[in-house]
Amino acid sequence: MSGSFLDILAIAAHRDDVEQTCGGTLLKMAQRGRRTGILDLTQGEMGTRGSAEERAAEAAEAARILQVSWRQALDIPDGRVENTWANRLKVARIIREQRPRVVILPYWQGRHPDHYTASVLGYEACFLAGLAKLGKAGVGSQESGVSVEAHGFSRGKPEPDEEAALAAVAALPPHRPFKIIYATLYYDVRPTFVVDITEQFEARLQSIYAYKSQFTDQAAGAADFPAHTEIRERVATMAGFYGLLTGVKYAEPFLQKEVGLVEDLTLIPVKSI
């Protein structure tokens, strides 16, 4: 195994989701020497604007702007991200390959079904990736007397592509990220913490602009997409709101499920009054 594993992996349903929710944070981490990555679950073929090929090129440009070390898109159907056994295996394989310490997921509620399903799918795949016996001969099969269906992992005999996916995961050593956090920008919920992206704001904006098929003015989707002249104001308003909560200019919000741990009360950031 090489020493080029990821420190941070952001998982999202569509190309451009990460840029809009945590792109500044990924850039900030990269600037601090962390290896960052993005896993897009779909190719974006169902989008009102642009094709999968256009969005692939745009995603590569956005990744360059954000100094991302690794990016890949899976083949889960756009508009039909489902938390299935096969899809969990696809994501678990990436977790084992890239071995991130931190995984960023979308918040588990929202308007778009792909977004909140990606959250649950990502979490369960992270858990699955840490099971040392996953896919091993004689374990988790009807023949061994252990029902995988009883554990909610499969139903009946696996399909050939699922068998191949399971074999691919089993060939890699188990890994489970130490930390899972949730990017909450798409949902109105009070974050656990925010990341100051004041210095990264302009580059983050450029990574969004890289998606020309999505954010240039055109007739298709005009009622649902913001006008190009409004994008900067919208992005700045959101980032400014979360920055205001902690006394910085621009910030991105995140939530963690765990209770935080503090060693020194005098070093807790953000003043109270």
# chains A, B, ... in the order shown; residues from 1 in each chain; ligands from 1
$ residues_around --residues "Arg232 (chain A)" --least-positions-apart "5" --cutoff "10 Å" --atoms "only C-alpha atoms" --output "list in words"
Glu202, Leu205, Gln206, Ile208, Tyr209, Ala227 and Thr237 of chain A
$ residues_around --residues "Phe241 (chain A)" --least-positions-apart "4" --cutoff "12 Å" --atoms "only C-alpha atoms" --output "short mmCIF file (atom, residue, chain, number, x, y, z; two decimals) with N, CA and C atoms, in the first residue's frame"
data_model
loop_
_atom_site.label_atom_id
_atom_site.label_comp_id
_atom_site.auth_asym_id
_atom_site.auth_seq_id
_atom_site.Cartn_x
_atom_site.Cartn_y
_atom_site.Cartn_z
N LEU A 185 -25.11 23.06 4.32
CA LEU A 185 -25.50 24.27 3.62
C LEU A 185 -26.83 24.13 2.88
N ASP A 188 -31.63 24.06 6.41
CA ASP A 188 -31.65 25.08 7.47
C ASP A 188 -31.60 24.40 8.83
N ARG A 190 -29.03 24.41 12.55
CA ARG A 190 -27.91 25.08 13.23
C ARG A 190 -26.69 24.16 13.20
N PRO A 191 -25.56 24.63 12.67
CA PRO A 191 -24.39 23.77 12.58
C PRO A 191 -23.70 23.57 13.92
N VAL A 194 -18.38 25.83 12.18
CA VAL A 194 -18.16 26.32 10.83
C VAL A 194 -16.67 26.42 10.58
N ASP A 196 -13.79 28.73 8.72
CA ASP A 196 -13.50 30.05 8.14
C ASP A 196 -12.89 29.86 6.75
N GLU A 233 -23.67 36.99 -5.41
CA GLU A 233 -24.41 37.54 -4.28
C GLU A 233 -25.00 36.43 -3.42
N ARG A 234 -25.56 35.41 -4.06
CA ARG A 234 -26.16 34.31 -3.30
C ARG A 234 -25.11 33.55 -2.50
N VAL A 235 -24.00 33.22 -3.15
CA VAL A 235 -22.95 32.46 -2.48
C VAL A 235 -22.35 33.27 -1.34
N ALA A 236 -22.13 34.57 -1.58
CA ALA A 236 -21.55 35.43 -0.56
C ALA A 236 -22.51 35.63 0.62
N THR A 237 -23.80 35.71 0.32
CA THR A 237 -24.79 35.90 1.39
C THR A 237 -24.81 34.70 2.33
N LEU A 245 -21.87 34.21 12.35
CA LEU A 245 -22.11 33.47 13.58
C LEU A 245 -20.85 33.32 14.43
N THR A 246 -19.69 33.42 13.79
CA THR A 246 -18.44 33.19 14.52
C THR A 246 -17.45 34.35 14.39
N GLY A 247 -17.88 35.46 13.80
CA GLY A 247 -17.03 36.64 13.74
C GLY A 247 -16.01 36.64 12.63
N VAL A 248 -16.24 35.87 11.55
CA VAL A 248 -15.36 35.91 10.38
C VAL A 248 -16.20 36.36 9.19
N LYS A 249 -15.55 36.64 8.05
CA LYS A 249 -16.29 37.16 6.91
C LYS A 249 -17.10 36.08 6.20
N TYR A 250 -16.44 34.96 5.88
CA TYR A 250 -17.10 33.88 5.16
C TYR A 250 -16.81 32.53 5.82
N ALA A 251 -17.82 31.66 5.88
CA ALA A 251 -17.62 30.35 6.50
C ALA A 251 -18.55 29.32 5.87
N GLU A 252 -18.21 28.04 6.06
CA GLU A 252 -19.04 26.92 5.62
C GLU A 252 -19.47 26.14 6.85
N PRO A 253 -20.77 25.73 6.90
CA PRO A 253 -21.30 25.08 8.10
C PRO A 253 -21.23 23.54 8.04
#
$ closest_atom_pairs --of "region 21-138 of chain A" --to "region 164-173 of chain A" --cutoff "9 Å" --atoms "only C-alpha atoms" --output "tab-separated table"
residue	atom	partner	partner_atom	distance
A:Ala86	CA	A:Ala165	CA	7.3
A:Leu89	CA	A:Ala165	CA	6.3
A:Lys90	CA	A:Ala165	CA	6.7
A:Ala92	CA	A:Val169	CA	6.9
A:Arg93	CA	A:Val169	CA	4.9
A:Ile94	CA	A:Val169	CA	8.5
A:Arg96	CA	A:Leu172	CA	6.2
A:Glu97	CA	A:Leu172	CA	7.0
A:Ala129	CA	A:Val169	CA	7.8
A:Gly130	CA	A:Pro173	CA	8.6
A:Ala132	CA	A:Pro173	CA	7.4
A:Lys133	CA	A:Ala170	CA	8.0
A:Leu134	CA	A:Ala170	CA	6.0
A:Gly135	CA	A:Ala170	CA	5.0
A:Lys136	CA	A:Ala170	CA	6.5
$ write_last_selection --atoms "C-alpha atoms" --output "short mmCIF file (atom, residue, chain, number, x, y, z; two decimals), in the first residue's frame"
data_model
loop_
_atom_site.label_atom_id
_atom_site.label_comp_id
_atom_site.auth_asym_id
_atom_site.auth_seq_id
_atom_site.Cartn_x
_atom_site.Cartn_y
_atom_site.Cartn_z
CA ALA A 86 -24.77 -2.93 -4.47
CA LEU A 89 -20.39 -1.94 -1.85
CA LYS A 90 -19.36 0.58 -4.51
CA ALA A 92 -17.20 0.88 0.58
CA ARG A 93 -14.62 -0.09 -2.06
CA ILE A 94 -13.63 3.56 -2.43
CA ARG A 96 -11.05 0.96 1.51
CA GLU A 97 -8.99 2.14 -1.46
CA ALA A 129 -15.94 -0.84 4.84
CA GLY A 130 -14.70 -1.56 8.36
CA ALA A 132 -12.96 -7.35 8.42
CA LYS A 133 -14.92 -10.47 7.41
CA LEU A 134 -16.87 -8.81 4.60
CA GLY A 135 -16.80 -11.05 1.53
CA LYS A 136 -14.53 -13.66 3.06
#
$ residues_around --residues "Cys126 (chain A)" --least-positions-apart "2" --cutoff "7 Å" --atoms "only C-alpha atoms" --output "PyMOL selection string"
chain A and resi 92+95+122-124+128-130+176-177
$ closest_residue --among "A:Ala13, A:Val81, A:Leu255, A:Ile231" --to "Tyr107 (chain A)" --atoms "only C-alpha atoms"
A:Leu255
$ closest_residue --among "A:Leu26, A:Ile268, A:Leu74, A:Ile8" --to "Ile197 (chain A)" --atoms "only C-alpha atoms"
A:Leu26
$ atom_distance --atom1 "CA of Arg32 (chain A)" --atom2 "CA of Leu66 (chain A)"
12.4 Å
$ select_by_dssp --residues "region 27-91 of chain A" --states "strand (DSSP E or B)" --output "list in words"
Thr36, Gly37, Ile38, Leu39, Asp40, Trp70, Arg71, Gln72 and Ala73 of chain A
$ closest_residue --among "A:Ile76, A:Arg34, A:Ile11, A:Ser272" --to "Ser119 (chain A)" --atoms "only C-alpha atoms"
A:Ile11
$ residues_around --residues "Leu27 (chain A)" --least-positions-apart "3" --cutoff "8 Å" --atoms "only C-alpha atoms" --output "list in words"
Gly23, Gly24, Ala30, Gln31, Leu66, Gln67, Val68, Gln200 and Arg204 of chain A
$ atom_distance --atom1 "CA of Lys28 (chain A)" --atom2 "CA of Ala52 (chain A)"
28.1 Å
$ select_by_dssp --residues "region 19-127 of chain A" --states "helix (DSSP H, G or I)" --output "PyMOL selection string"
chain A and resi 19-31+52-65+85-98+113-127
